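J.: File target_16.txt below, compact mmCIF, C-alpha atoms and all ligand atoms:
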```
# COMPACT_ATOMS: atom_id res chain seq x y z
CA MET R 124 -0.41 -19.98 -71.62
CA LEU R 125 2.31 -18.16 -69.72
CA GLN R 126 2.86 -19.30 -66.19
CA THR R 127 2.37 -17.05 -63.17
CA THR R 128 5.10 -17.07 -60.52
CA THR R 129 3.95 -16.69 -56.95
CA VAL R 130 5.96 -15.57 -53.96
CA THR R 131 4.89 -15.13 -50.36
CA LEU R 132 6.63 -12.41 -48.38
CA ARG R 133 6.53 -11.94 -44.65
CA THR R 134 7.38 -8.55 -43.24
CA LEU R 135 10.02 -8.50 -40.51
CA THR R 136 9.70 -4.76 -39.98
CA PRO R 137 6.72 -2.66 -41.14
CA LEU R 138 6.54 -2.07 -44.88
CA TRP R 139 5.84 1.32 -46.45
CA THR R 140 4.61 1.37 -50.04
CA GLY R 141 3.08 4.84 -50.15
CA GLY R 142 -0.48 5.97 -50.54
CA ALA R 143 -2.59 9.07 -50.37
CA ASP R 144 -2.32 11.62 -47.54
CA ARG R 145 0.97 10.34 -46.20
CA THR R 146 -0.63 7.15 -44.96
CA CYS R 147 -0.04 3.60 -46.07
CA ASP R 148 -3.59 2.23 -46.08
CA ARG R 149 -2.67 -1.02 -47.82
CA VAL R 150 0.19 -2.61 -49.73
CA HIS R 151 0.50 -0.80 -53.04
CA ALA R 152 1.84 -2.78 -55.99
CA THR R 153 3.34 0.42 -57.43
CA GLY R 154 5.52 0.83 -54.33
CA ILE R 155 6.84 -2.71 -54.66
CA VAL R 156 7.39 -2.45 -58.41
CA GLY R 157 9.18 0.89 -57.87
CA SER R 158 11.52 -0.72 -55.39
CA LEU R 159 12.22 -3.69 -57.66
CA ARG R 160 12.96 -1.34 -60.52
CA TRP R 161 15.32 0.80 -58.43
CA TRP R 162 17.38 -2.26 -57.52
CA TYR R 163 17.27 -3.70 -61.02
CA GLU R 164 18.65 -0.45 -62.39
CA ALA R 165 21.40 -0.41 -59.75
CA LEU R 166 22.35 -3.98 -60.71
CA ILE R 167 22.46 -3.22 -64.44
CA ARG R 168 24.63 -0.15 -63.82
CA GLY R 169 26.77 -2.11 -61.37
CA LEU R 170 27.54 -4.60 -64.12
CA GLY R 171 28.55 -1.81 -66.47
CA GLY R 172 25.30 -1.39 -68.40
CA TYR R 173 23.15 1.65 -69.07
CA ALA R 174 19.91 2.12 -67.13
CA CYS R 175 18.16 5.45 -67.58
CA ASP R 176 17.17 7.70 -64.72
CA PRO R 177 13.36 7.41 -64.75
CA THR R 178 12.99 10.56 -62.62
CA ARG R 179 14.54 12.70 -65.37
CA HIS R 180 13.65 11.02 -68.59
CA THR R 181 12.70 7.57 -69.65
CA CYS R 182 13.60 5.83 -72.83
CA ALA R 183 11.00 5.85 -75.60
CA TYR R 184 10.47 2.74 -77.63
CA ASP R 185 11.31 3.12 -81.29
CA PRO R 186 9.90 0.30 -83.44
CA GLU R 187 12.58 1.00 -86.02
CA LYS R 188 15.27 0.15 -83.48
CA PRO R 189 13.47 -2.52 -81.46
CA ASP R 190 16.57 -3.86 -79.73
CA ARG R 191 18.36 -0.65 -78.96
CA SER R 192 15.84 2.08 -78.17
CA VAL R 193 15.13 1.26 -74.52
CA CYS R 194 17.44 0.39 -71.62
CA PRO R 195 17.18 -3.02 -69.89
CA ALA R 196 15.21 -1.51 -66.99
CA CYS R 197 12.62 0.02 -69.32
CA ARG R 198 12.57 -3.22 -71.31
CA LEU R 199 11.45 -5.12 -68.18
CA PHE R 200 9.48 -2.42 -66.34
CA GLY R 201 8.07 -0.53 -69.30
CA THR R 202 8.25 2.97 -70.73
CA THR R 203 6.57 5.10 -73.40
CA GLY R 204 5.48 2.79 -76.18
CA TRP R 205 6.65 -0.36 -74.44
CA ALA R 206 4.52 -2.16 -71.86
CA ARG R 207 5.83 -3.65 -68.63
CA ARG R 208 6.55 -7.33 -69.20
CA PHE R 209 4.50 -8.40 -66.19
CA ARG R 210 1.68 -7.45 -63.86
CA LEU R 211 2.12 -7.69 -60.12
CA VAL R 212 -0.98 -8.87 -58.27
CA ILE R 213 -0.96 -8.36 -54.52
CA GLU R 214 -2.76 -10.49 -52.02
CA ASP R 215 -2.62 -8.25 -48.99
CA ARG R 216 -2.78 -9.95 -45.60
CA THR R 217 -1.28 -7.10 -43.62
CA HIS R 218 -2.45 -4.84 -40.83
CA PRO R 219 -1.31 -1.36 -39.76
CA ASP R 220 1.82 -1.53 -37.63
CA GLY R 221 4.81 0.49 -36.52
CA PRO R 222 5.46 3.89 -35.02
CA VAL R 223 3.18 6.85 -35.54
CA GLY R 224 3.78 10.36 -34.22
CA ALA R 225 6.93 11.63 -32.52
CA TYR R 226 9.59 9.30 -31.18
CA GLY R 227 12.69 10.03 -29.16
CA ALA R 228 16.13 8.58 -29.80
CA ASP R 229 15.33 5.81 -27.32
CA GLY R 230 12.66 4.49 -29.67
CA GLN R 231 9.84 5.51 -27.31
CA PRO R 232 6.92 7.84 -28.12
CA SER R 233 7.79 11.42 -27.33
CA PRO R 234 4.56 13.45 -27.32
CA GLY R 235 6.29 16.66 -26.18
CA ARG R 236 8.03 16.96 -29.52
CA GLY R 237 9.41 20.39 -30.23
CA ARG R 238 8.43 21.83 -26.84
CA ASP R 239 11.24 20.46 -24.76
CA ARG R 240 14.48 20.66 -26.67
CA SER R 241 16.51 19.35 -23.75
CA SER R 242 15.01 15.88 -24.25
CA GLY R 243 17.15 15.40 -27.35
CA PRO R 244 16.28 14.83 -30.99
CA THR R 245 12.96 13.38 -32.03
CA TRP R 246 11.74 11.77 -35.23
CA TYR R 247 8.26 12.13 -36.60
CA PHE R 248 6.41 9.26 -38.24
CA PRO R 249 3.32 10.52 -40.10
CA GLY R 250 1.56 7.15 -40.32
CA GLN R 251 1.93 3.47 -39.68
CA GLY R 252 3.36 0.94 -42.10
CA ARG R 253 1.98 -2.55 -42.75
CA SER R 254 2.96 -5.87 -41.22
CA GLY R 255 1.92 -9.40 -42.08
CA THR R 256 2.20 -11.58 -45.13
CA ILE R 257 1.85 -10.57 -48.78
CA GLY R 258 1.23 -12.81 -51.75
CA LEU R 259 2.91 -11.56 -54.91
CA SER R 260 1.80 -13.01 -58.22
CA ILE R 261 4.08 -12.14 -61.11
CA VAL R 262 1.78 -12.47 -64.09
CA PRO R 263 3.71 -12.50 -67.38
CA LEU R 264 2.35 -10.20 -70.07
CA ALA R 265 4.94 -11.18 -72.65
CA ALA R 266 6.66 -14.42 -73.59
CA ASP R 267 10.10 -12.88 -73.02
CA LEU R 268 9.56 -12.27 -69.30
CA ASP R 269 12.19 -14.03 -67.21
CA PRO R 270 10.70 -14.29 -63.69
CA ASN R 271 14.13 -15.31 -62.36
CA LEU R 272 15.18 -11.65 -62.83
CA LEU R 273 12.54 -10.48 -60.36
CA LEU R 274 13.24 -13.37 -57.98
CA GLY R 275 16.92 -12.43 -57.95
CA VAL R 276 16.14 -8.81 -57.10
CA LEU R 277 13.80 -9.94 -54.32
CA ALA R 278 16.49 -12.25 -52.94
CA LEU R 279 19.02 -9.41 -52.86
CA ILE R 280 16.51 -7.21 -51.04
CA GLU R 281 15.74 -10.00 -48.57
CA ARG R 282 19.36 -10.74 -47.76
CA HIS R 283 20.91 -7.29 -47.72
CA ALA R 284 18.41 -4.45 -47.88
CA ALA R 285 14.69 -3.71 -47.55
CA LEU R 286 11.63 -3.30 -49.72
CA GLY R 287 9.48 -0.24 -50.36
CA ALA R 288 10.00 3.32 -49.18
CA ARG R 289 11.27 5.00 -46.01
CA THR R 290 14.09 2.51 -45.76
CA GLN R 291 16.17 5.22 -44.11
CA PHE R 292 13.81 4.79 -41.13
CA GLY R 293 14.01 1.04 -40.91
CA TYR R 294 10.92 0.00 -42.86
CA GLY R 295 10.68 -2.90 -45.25
CA ARG R 296 12.74 -5.85 -44.01
CA VAL R 297 11.08 -8.87 -45.58
CA GLN R 298 11.54 -12.60 -45.69
CA LEU R 299 10.68 -14.76 -48.69
CA GLN R 300 8.46 -17.37 -47.10
CA ARG R 301 7.55 -19.27 -50.21
CA ALA R 302 9.27 -18.66 -53.52
CA PRO R 303 10.57 -20.74 -56.42
CA ALA R 304 14.28 -21.55 -56.06
CA LEU R 305 16.51 -18.82 -57.43
CA ASP R 306 19.05 -19.86 -60.04
CA VAL R 307 21.85 -17.47 -59.04
CA ALA R 308 24.13 -18.29 -61.98
CA ALA R 309 21.32 -17.79 -64.50
CA PHE R 310 20.24 -14.56 -62.79
CA VAL R 311 23.74 -13.09 -62.94
CA ALA R 312 24.25 -14.29 -66.52
CA SER R 313 20.96 -12.67 -67.66
CA LEU R 314 21.90 -9.38 -66.02
CA GLN R 315 25.36 -9.49 -67.56
CA GLN R 316 23.85 -10.07 -70.97
CA ALA R 317 21.41 -7.17 -70.50
CA ALA R 318 24.19 -4.88 -69.28
CA ALA R 319 26.51 -5.83 -72.13
CA ALA R 320 23.89 -4.79 -74.69
CA GLY R 321 24.44 -1.14 -73.78
CA PRO R 322 27.62 -0.55 -71.80
CA ALA R 323 27.88 2.86 -70.12
CA PRO R 324 29.32 4.45 -67.00
CA SER R 325 26.80 4.86 -64.18
CA HIS R 326 26.93 8.71 -64.41
CA GLY R 327 26.17 9.52 -60.80
CA LEU R 328 23.22 7.14 -60.53
CA PRO R 329 22.99 4.31 -57.96
CA ALA R 330 25.11 1.33 -58.99
CA LEU R 331 25.89 -1.92 -57.17
CA ASP R 332 29.67 -1.51 -57.47
CA GLU R 333 29.47 1.73 -55.48
CA MET R 334 27.26 0.31 -52.73
CA PHE R 335 27.96 -1.30 -49.38
CA PHE R 336 25.92 -3.80 -47.36
CA ALA R 337 26.52 -4.34 -43.67
CA GLN R 338 24.94 -6.43 -40.96
CA ILE R 339 25.24 -4.90 -37.54
CA GLU R 340 24.55 -6.58 -34.26
CA THR R 341 22.84 -4.38 -31.72
CA ARG R 342 21.32 -4.75 -28.28
CA GLU R 343 19.07 -1.75 -28.76
CA GLN R 344 15.32 -2.00 -29.15
CA PRO R 345 14.53 -2.36 -32.92
CA LEU R 346 13.46 1.23 -33.59
CA ALA R 347 15.95 2.77 -31.16
CA ALA R 348 18.74 1.01 -33.07
CA VAL R 349 17.79 2.87 -36.28
CA LEU R 350 17.41 6.23 -34.60
CA LYS R 351 20.69 5.85 -32.76
CA LEU R 352 22.55 4.87 -35.90
CA ARG R 353 21.15 7.83 -37.83
CA ARG R 354 22.02 10.20 -35.00
CA ILE R 355 25.59 8.91 -34.66
CA LEU R 356 26.19 9.06 -38.40
CA ARG R 357 24.83 12.58 -38.83
CA LYS R 358 26.70 13.83 -35.78
CA SER R 359 29.97 12.35 -37.01
CA PHE R 360 29.70 14.27 -40.30
CA HIS R 361 29.31 17.54 -38.37
CA THR R 362 32.97 17.38 -37.44
CA ALA R 363 34.58 14.98 -39.93
CA PHE R 364 35.92 16.27 -43.26
CA GLY R 365 36.26 19.79 -41.85
CA GLY R 366 32.53 19.95 -41.15
CA ASN R 367 31.80 19.74 -44.91
CA ARG R 368 28.11 20.57 -44.87
CA GLU R 369 27.50 19.72 -48.49
CA LEU R 370 28.94 16.26 -47.89
CA ARG R 371 26.87 15.78 -44.73
CA HIS R 372 23.66 16.65 -46.55
CA PHE R 373 24.62 14.43 -49.47
CA ILE R 374 25.31 11.39 -47.26
CA CYS R 375 22.78 11.85 -44.45
CA GLY R 376 20.04 13.60 -46.42
CA THR R 377 18.36 16.90 -45.71
CA VAL R 378 15.01 18.59 -45.98
CA ALA R 379 16.57 22.05 -46.12
CA GLY R 380 16.96 23.86 -49.45
CA GLY R 381 15.75 21.07 -51.70
CA ARG R 382 15.03 17.72 -50.16
CA GLN R 383 17.79 15.18 -50.54
CA ALA R 384 17.36 11.54 -49.57
CA SER R 385 19.84 9.90 -47.25
CA LYS R 386 22.37 7.74 -49.09
CA VAL R 387 22.53 5.38 -46.11
CA CYS R 388 19.55 3.18 -45.27
CA CYS R 389 19.02 0.75 -42.45
CA SER R 390 16.45 -1.69 -41.20
CA GLN R 391 15.09 -1.83 -37.71
CA ALA R 392 16.86 -4.56 -35.78
CA VAL R 393 15.41 -8.05 -36.35
CA GLN R 394 16.59 -10.54 -33.74
CA GLY R 395 19.36 -8.11 -32.87
CA ILE R 396 20.63 -7.66 -36.44
CA MET R 397 20.22 -4.56 -38.59
CA HIS R 398 20.79 -4.37 -42.31
CA VAL R 399 22.62 -1.18 -43.22
CA TRP R 400 23.36 -0.34 -46.83
CA GLY R 401 24.08 2.64 -48.93
CA TRP R 402 25.25 4.08 -52.18
CA ILE R 403 28.38 6.19 -51.93
CA PRO R 404 29.44 7.27 -55.43
CA GLU R 405 32.96 7.91 -56.60
CA GLU R 406 32.30 11.62 -56.99
CA LEU R 407 31.52 13.27 -53.68
CA PRO R 408 31.44 16.94 -52.64
CA HIS R 409 35.09 17.73 -51.79
CA ALA R 410 35.95 14.34 -50.30
CA SER R 411 37.43 11.05 -51.46
CA ARG R 412 35.19 8.01 -51.54
CA GLU R 413 37.78 5.87 -49.78
CA ALA R 414 38.02 8.30 -46.86
CA VAL R 415 34.23 8.58 -46.63
CA MET R 416 33.76 4.80 -46.70
CA ASP R 417 36.38 4.34 -43.99
CA HIS R 418 34.64 7.00 -41.95
CA ILE R 419 31.19 5.41 -42.38
CA LYS R 420 32.45 1.95 -41.42
CA GLY R 421 34.30 3.37 -38.41
CA THR R 422 31.22 5.29 -37.31
CA LEU R 423 28.84 2.35 -37.74
CA LYS R 424 31.05 0.37 -35.36
CA GLU R 425 29.87 2.75 -32.66
CA SER R 426 26.27 1.65 -33.12
CA GLY R 427 26.99 -2.06 -32.82
CA CYS R 428 29.27 -4.91 -33.78
CA ILE R 429 29.75 -5.24 -37.55
CA ARG R 430 29.05 -8.87 -38.36
CA SER R 431 29.48 -8.57 -42.09
CA TRP R 432 30.58 -5.92 -44.59
CA ARG R 433 30.10 -6.32 -48.33
CA GLU R 434 31.56 -3.85 -50.80
CA TYR R 435 32.87 -4.47 -54.30
CA GLY R 436 36.63 -4.76 -54.66
CA SER R 437 37.34 -3.36 -51.22
CA PRO R 438 39.65 -4.61 -48.46
CA ARG R 439 36.74 -3.76 -46.13
CA ASP R 440 34.69 -6.64 -47.62
CA THR R 441 34.56 -9.53 -45.14
CA VAL R 442 33.67 -12.29 -47.64
CA LEU R 443 35.35 -11.62 -50.98
CA PRO R 444 37.73 -8.65 -50.74
CA SER R 445 39.14 -9.19 -54.23
CA PRO R 446 36.47 -10.74 -56.46
CA PRO R 447 37.52 -11.46 -60.06
CA ASP R 448 34.77 -9.19 -61.34
CA ARG R 449 31.48 -7.48 -60.53
CA ALA R 450 29.41 -10.49 -61.58
CA ALA R 451 31.27 -12.69 -59.08
CA PHE R 452 30.63 -10.08 -56.40
CA LEU R 453 26.90 -10.08 -57.15
CA ALA R 454 26.79 -13.89 -57.16
CA SER R 455 28.53 -13.96 -53.79
CA LEU R 456 25.96 -11.56 -52.36
CA LEU R 457 23.22 -14.01 -53.30
CA GLN R 458 24.87 -17.23 -52.23
CA LYS R 459 24.34 -18.67 -48.81
CA GLY R 460 27.09 -17.45 -46.51
CA GLY R 461 27.33 -14.23 -48.54
CA VAL R 462 26.94 -12.18 -45.41
CA LEU R 463 29.67 -13.28 -43.06
ZN ZN A 1 15.24 3.32 -69.77
```
Here is a file; write its structure as structure tokens.
T.:
Amino acid sequence: MLQTTTVTLRTLTPLWTGGADRTCDRVHATGIVGSLRWWYEALIRGLGGYACDPTRHTCAYDPEKPDRSVCPACRLFGTTGWARRFRLVIEDRTHPDGPVGAYGADGQPSPGRGRDRSSGPTWYFPGQGRSGTIGLSIVPLAADLDPNLLLGVLALIERHAALGARTQFGYGRVQLQRAPALDVAAFVASLQQAAAAGPAPSHGLPALDEMFFAQIETREQPLAAVLKLRRILRKSFHTAFGGNRELRHFICGTVAGGRQASKVCCSQAVQGIMHVWGWIPEELPHASREAVMDHIKGTLKESGCIRSWREYGSPRDTVLPSPPDRAAFLASLLQKGGVL
């Protein structure tokens, strides 16, 4: 009998995993699996492998080419003709938590939203997230499931990013309270092997080697820290790069003329520290990536003291500015001390 792996997560900021009617009535396994898949794909691409874009097309399993017809992400998470290698069972011990309604840049409720423009920008939160602890049981459905792959992705999310949706508004910082020990070397080696099976450029899809991970110290209230950071970043792109609107919408996101998600995400501050991360691809609208990255780092300094900056093969990286390769960079992200 295949063994189930169990992990207990504790939320550090409210978690958003979706649900009907723009509310998050409970923790949805699909939201967590979606997040794990997104990161797994970014890791495979970051190590030079092909991972399909599941929003456009997914691979289809072809029994005549059993080893080559689906990408590593589909092989683990499933696609047409090929079942997901595991089932995620949630034990939900959470309660509703977090902002709901309109909030001002100071992180305080702002019921006069829209009426009094002089009070500055406001953000609208349609419903509360969930806080508490969550038991995750990874139930293998096939003998070839390697639970270490999922543990590695969870560890990356815990240390540098956040879980679930709405991460651009600070949701989803989690802590692994109880989890089997992660074998970092084995995790990286398995990913490398999966990536090497189908090498391909990342083709404008999120990839680890085009991402950055920062930890920023702030004295702001947890929610105010997020709202301030978003405001400063957006404002800076109004004037930088000749006011390049296309670039601003690409980096900061927009709801106008076709919704575009922000490429920069951040957690609410937890004990005075925010996680900020993003994917800034090589090809940007009329701007060089280097200049944009320098601009983002310079701007984030205005929202707090940068304690750590991780970015592949960049002099901006504060731990390993010239790693021997992408695998070493990933390993360093997961090792203790990988943040300073
Ligand atoms: Zn695929």
J.: Would you mind listing what lies within 12 Å of Lys459 of chain R as a list in words, with only C-alpha atoms counted and same-chain residues fewer than 6 positions away left out?
T.: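 My list of contacting residues is Ala278, Leu279, Arg282, His283, Leu305, Val307 and Val442 of chain R.
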J.: With C-alpha atoms retained, export the selected residues as a PDB file, keeping the file's coordinate frame.
T.:
```
ATOM      1  CA  ALA R 278      16.490 -12.250 -52.940  1.00  0.00           C
ATOM      2  CA  LEU R 279      19.020  -9.410 -52.860  1.00  0.00           C
ATOM      3  CA  ARG R 282      19.360 -10.740 -47.760  1.00  0.00           C
ATOM      4  CA  HIS R 283      20.910  -7.290 -47.720  1.00  0.00           C
ATOM      5  CA  LEU R 305      16.510 -18.820 -57.430  1.00  0.00           C
ATOM      6  CA  VAL R 307      21.850 -17.470 -59.040  1.00  0.00           C
ATOM      7  CA  VAL R 442      33.670 -12.290 -47.640  1.00  0.00           C
TER       8      VAL R 442
END
```
J.: Give me the residues near Ser313 of chain R as a list in words, where near means some atom within 12 Å (using all atoms listed in the file) and where sequence neighbours in that chain fewer than 2 positions away do not count.
T.: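 My list of contacting residues is Tyr163, Leu166, Ile167, Leu170, Pro195, Leu268, Asp269, Pro270, Asn271, Leu272, Leu273, Gly275, Asp306, Val307, Ala308, Ala309, Phe310, Val311, Gln315, Gln316, Ala317, Ala318, Ala319, Ala320 and Ala450 of chain R.
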J.: For Ala174 of chain R, which residue out of R:Ala323, R:Ala304, R:Leu356, R:Leu457 is the nearest one, using all atoms listed in the file?
T.: R:Ala323
J.: Taking into account all atoms listed in the file, which residue in the set R:Ser192, R:Thr153, R:Ser359, R:Ser325 is nearest to ligand ZN 1 (chain A)?
T.: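 Once distances to ligand ZN 1 (chain A) are computed over all atoms listed in the file, the minimum belongs to R:Ser192.
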J.: Check every protein, DNA and RNA residue against ligand ZN 1 (chain A), keep those with an atom at most 7 Å away (counting only C-alpha atoms and all ligand atoms), and present them as a PDB file with C-alpha atoms, in the coordinates of the input.
T.:
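Output (selection32.pdb):
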```pdb
ATOM      1  CA  ALA R 174      19.910   2.120 -67.130  1.00  0.00           C
ATOM      2  CA  CYS R 175      18.160   5.450 -67.580  1.00  0.00           C
ATOM      3  CA  ASP R 176      17.170   7.700 -64.720  1.00  0.00           C
ATOM      4  CA  PRO R 177      13.360   7.410 -64.750  1.00  0.00           C
ATOM      5  CA  THR R 181      12.700   7.570 -69.650  1.00  0.00           C
ATOM      6  CA  CYS R 182      13.600   5.830 -72.830  1.00  0.00           C
ATOM      7  CA  VAL R 193      15.130   1.260 -74.520  1.00  0.00           C
ATOM      8  CA  CYS R 194      17.440   0.390 -71.620  1.00  0.00           C
ATOM      9  CA  PRO R 195      17.180  -3.020 -69.890  1.00  0.00           C
ATOM     10  CA  ALA R 196      15.210  -1.510 -66.990  1.00  0.00           C
ATOM     11  CA  CYS R 197      12.620   0.020 -69.320  1.00  0.00           C
TER      12      CYS R 197
END
```
J.: Expressed in Å to a single decimal, how great is the separation between atom CA of Pro222 of chain R and atom CA of Trp246 of chain R?
T.: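 Interatomic distance, atom CA of Pro222 of chain R to atom CA of Trp246 of chain R: 10.1 Å.
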J.: So which one's closest to Ala225 of chain R, R:Met416, R:Ile261, R:Ile403, R:Leu350? Using only C-alpha atoms, please.
T.: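 Nearest candidate to Ala225 of chain R out of R:Met416, R:Ile261, R:Ile403, R:Leu350: R:Leu350.
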J.: Using atom CA of Arg133 of chain R and atom CA of Gln298 of chain R as the two end points, give the distance in Å to one decimal.
T.: 5.2 Å
J.: Could you check which of R:Leu456, R:Met124, R:Leu135, R:Ala288 is closest to Asp332 of chain R, using all atoms listed in the file?
T.: R:Leu456
J.: Using all atoms listed in the file, list the residues that have an atom at most 12 Å from (31.1, -11.3, -44.1), coordinates as in the file, as a PyMOL selection string.
T.: chain R and resi 283+335-339+429-434+438-444+455-456+458-463
J.: Once you count only C-alpha atoms, which residues end up no further than 12 Å from (11.1, 0.6, -56.4) in the file's frame, shown as number ranges by chain?
T.: R: 139-141, 151-165, 177-178, 196, 200, 273, 276-277, 280, 285-290, 295
J.: Rank R:Lys420, R:His398, R:Arg198, R:His180 by their smallest atom-to-atom distance to Ala348 of chain R, using only C-alpha atoms, and report the top residue only.
T.: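 Among the listed residues, R:His398 lies closest to Ala348 of chain R.
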J.: In Å to one decimal, how far is atom CA of Phe373 of chain R from atom CA of Arg357 of chain R?
T.: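 If I compute the distance from atom CA of Arg357 of chain R to atom CA of Phe373 of chain R, I get 10.8 Å.
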J.: Rank nothing, just name the residue among R:His218, R:Gln291, R:Arg296, R:Ala451 nearest to Gln383 of chain R, using only C-alpha atoms.
T.: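 The answer is R:Gln291, which sits nearest to Gln383 of chain R.
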J.: Please provide the set of residues having any atom within 10 Å of segment 126-130 of chain R, restricted to all atoms listed in the file, with same-chain residues fewer than 6 positions apart removed, written as a list in words.
T.: Phe209, Arg210, Leu211, Val212, Ile213, Ile257, Gly258, Leu259, Ser260, Ile261, Val262, Pro263, Leu264, Ala266, Pro270, Asn271, Leu273, Leu274, Leu277, Leu299, Gln300, Arg301, Ala302 and Pro303 of chain R
J.: Since we have the selection now, will you write its residues out, keeping C-alpha atoms, as a tab-separated table (two decimals), in the frame of the given file?
T.:
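Result file is again36.tsv:
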```tsv
chain	number	residue	atom	x	y	z
R	209	PHE	CA	4.50	-8.40	-66.19
R	210	ARG	CA	1.68	-7.45	-63.86
R	211	LEU	CA	2.12	-7.69	-60.12
R	212	VAL	CA	-0.98	-8.87	-58.27
R	213	ILE	CA	-0.96	-8.36	-54.52
R	257	ILE	CA	1.85	-10.57	-48.78
R	258	GLY	CA	1.23	-12.81	-51.75
R	259	LEU	CA	2.91	-11.56	-54.91
R	260	SER	CA	1.80	-13.01	-58.22
R	261	ILE	CA	4.08	-12.14	-61.11
R	262	VAL	CA	1.78	-12.47	-64.09
R	263	PRO	CA	3.71	-12.50	-67.38
R	264	LEU	CA	2.35	-10.20	-70.07
R	266	ALA	CA	6.66	-14.42	-73.59
R	270	PRO	CA	10.70	-14.29	-63.69
R	271	ASN	CA	14.13	-15.31	-62.36
R	273	LEU	CA	12.54	-10.48	-60.36
R	274	LEU	CA	13.24	-13.37	-57.98
R	277	LEU	CA	13.80	-9.94	-54.32
R	299	LEU	CA	10.68	-14.76	-48.69
R	300	GLN	CA	8.46	-17.37	-47.10
R	301	ARG	CA	7.55	-19.27	-50.21
R	302	ALA	CA	9.27	-18.66	-53.52
R	303	PRO	CA	10.57	-20.74	-56.42
```
J.: Please provide as a ChimeraX atom specification all residues within 8 Å of Val349 of chain R, with the sequence filter that same-chain residues fewer than 4 positions apart are discarded (counting all atoms listed in the file).
T.: /R:292-293,345,353,389-392
J.: Taking the partial coordinates given, rebuild segment 419-432 of chain R to contain N, CA and C atoms; return it as a PDB file, in the coordinates of the input.
T.:
```pdb
ATOM      1  N   ILE R 419      32.513   5.998 -42.634  1.00  0.00           N
ATOM      2  CA  ILE R 419      31.190   5.410 -42.380  1.00  0.00           C
ATOM      3  C   ILE R 419      31.352   4.084 -41.635  1.00  0.00           C
ATOM      4  N   LYS R 420      32.279   3.244 -42.097  1.00  0.00           N
ATOM      5  CA  LYS R 420      32.450   1.950 -41.420  1.00  0.00           C
ATOM      6  C   LYS R 420      32.890   2.163 -39.976  1.00  0.00           C
ATOM      7  N   GLY R 421      33.830   3.086 -39.776  1.00  0.00           N
ATOM      8  CA  GLY R 421      34.300   3.370 -38.410  1.00  0.00           C
ATOM      9  C   GLY R 421      33.175   3.873 -37.528  1.00  0.00           C
ATOM     10  N   THR R 422      32.311   4.713 -38.093  1.00  0.00           N
ATOM     11  CA  THR R 422      31.220   5.290 -37.310  1.00  0.00           C
ATOM     12  C   THR R 422      30.158   4.240 -37.001  1.00  0.00           C
ATOM     13  N   LEU R 423      29.876   3.368 -37.972  1.00  0.00           N
ATOM     14  CA  LEU R 423      28.840   2.350 -37.740  1.00  0.00           C
ATOM     15  C   LEU R 423      29.265   1.383 -36.624  1.00  0.00           C
ATOM     16  N   LYS R 424      30.564   1.230 -36.456  1.00  0.00           N
ATOM     17  CA  LYS R 424      31.050   0.370 -35.360  1.00  0.00           C
ATOM     18  C   LYS R 424      30.558   0.869 -34.007  1.00  0.00           C
ATOM     19  N   GLU R 425      30.326   2.186 -33.932  1.00  0.00           N
ATOM     20  CA  GLU R 425      29.870   2.750 -32.660  1.00  0.00           C
ATOM     21  C   GLU R 425      28.420   2.369 -32.360  1.00  0.00           C
ATOM     22  N   SER R 426      27.670   1.972 -33.395  1.00  0.00           N
ATOM     23  CA  SER R 426      26.270   1.650 -33.120  1.00  0.00           C
ATOM     24  C   SER R 426      26.056   0.148 -32.938  1.00  0.00           C
ATOM     25  N   GLY R 427      27.107  -0.627 -33.047  1.00  0.00           N
ATOM     26  CA  GLY R 427      26.990  -2.060 -32.820  1.00  0.00           C
ATOM     27  C   GLY R 427      28.156  -2.792 -33.453  1.00  0.00           C
ATOM     28  N   CYS R 428      28.169  -4.108 -33.254  1.00  0.00           N
ATOM     29  CA  CYS R 428      29.270  -4.910 -33.780  1.00  0.00           C
ATOM     30  C   CYS R 428      29.000  -5.246 -35.245  1.00  0.00           C
ATOM     31  N   ILE R 429      29.947  -4.947 -36.115  1.00  0.00           N
ATOM     32  CA  ILE R 429      29.750  -5.240 -37.550  1.00  0.00           C
ATOM     33  C   ILE R 429      29.999  -6.726 -37.793  1.00  0.00           C
ATOM     34  N   ARG R 430      28.933  -7.421 -38.135  1.00  0.00           N
ATOM     35  CA  ARG R 430      29.050  -8.870 -38.360  1.00  0.00           C
ATOM     36  C   ARG R 430      29.523  -9.182 -39.767  1.00  0.00           C
ATOM     37  N   SER R 431      29.157  -8.301 -40.695  1.00  0.00           N
ATOM     38  CA  SER R 431      29.480  -8.570 -42.090  1.00  0.00           C
ATOM     39  C   SER R 431      29.543  -7.246 -42.835  1.00  0.00           C
ATOM     40  N   TRP R 432      30.462  -7.132 -43.781  1.00  0.00           N
ATOM     41  CA  TRP R 432      30.580  -5.920 -44.590  1.00  0.00           C
ATOM     42  C   TRP R 432      30.827  -6.353 -46.023  1.00  0.00           C
TER      43      TRP R 432
END
```
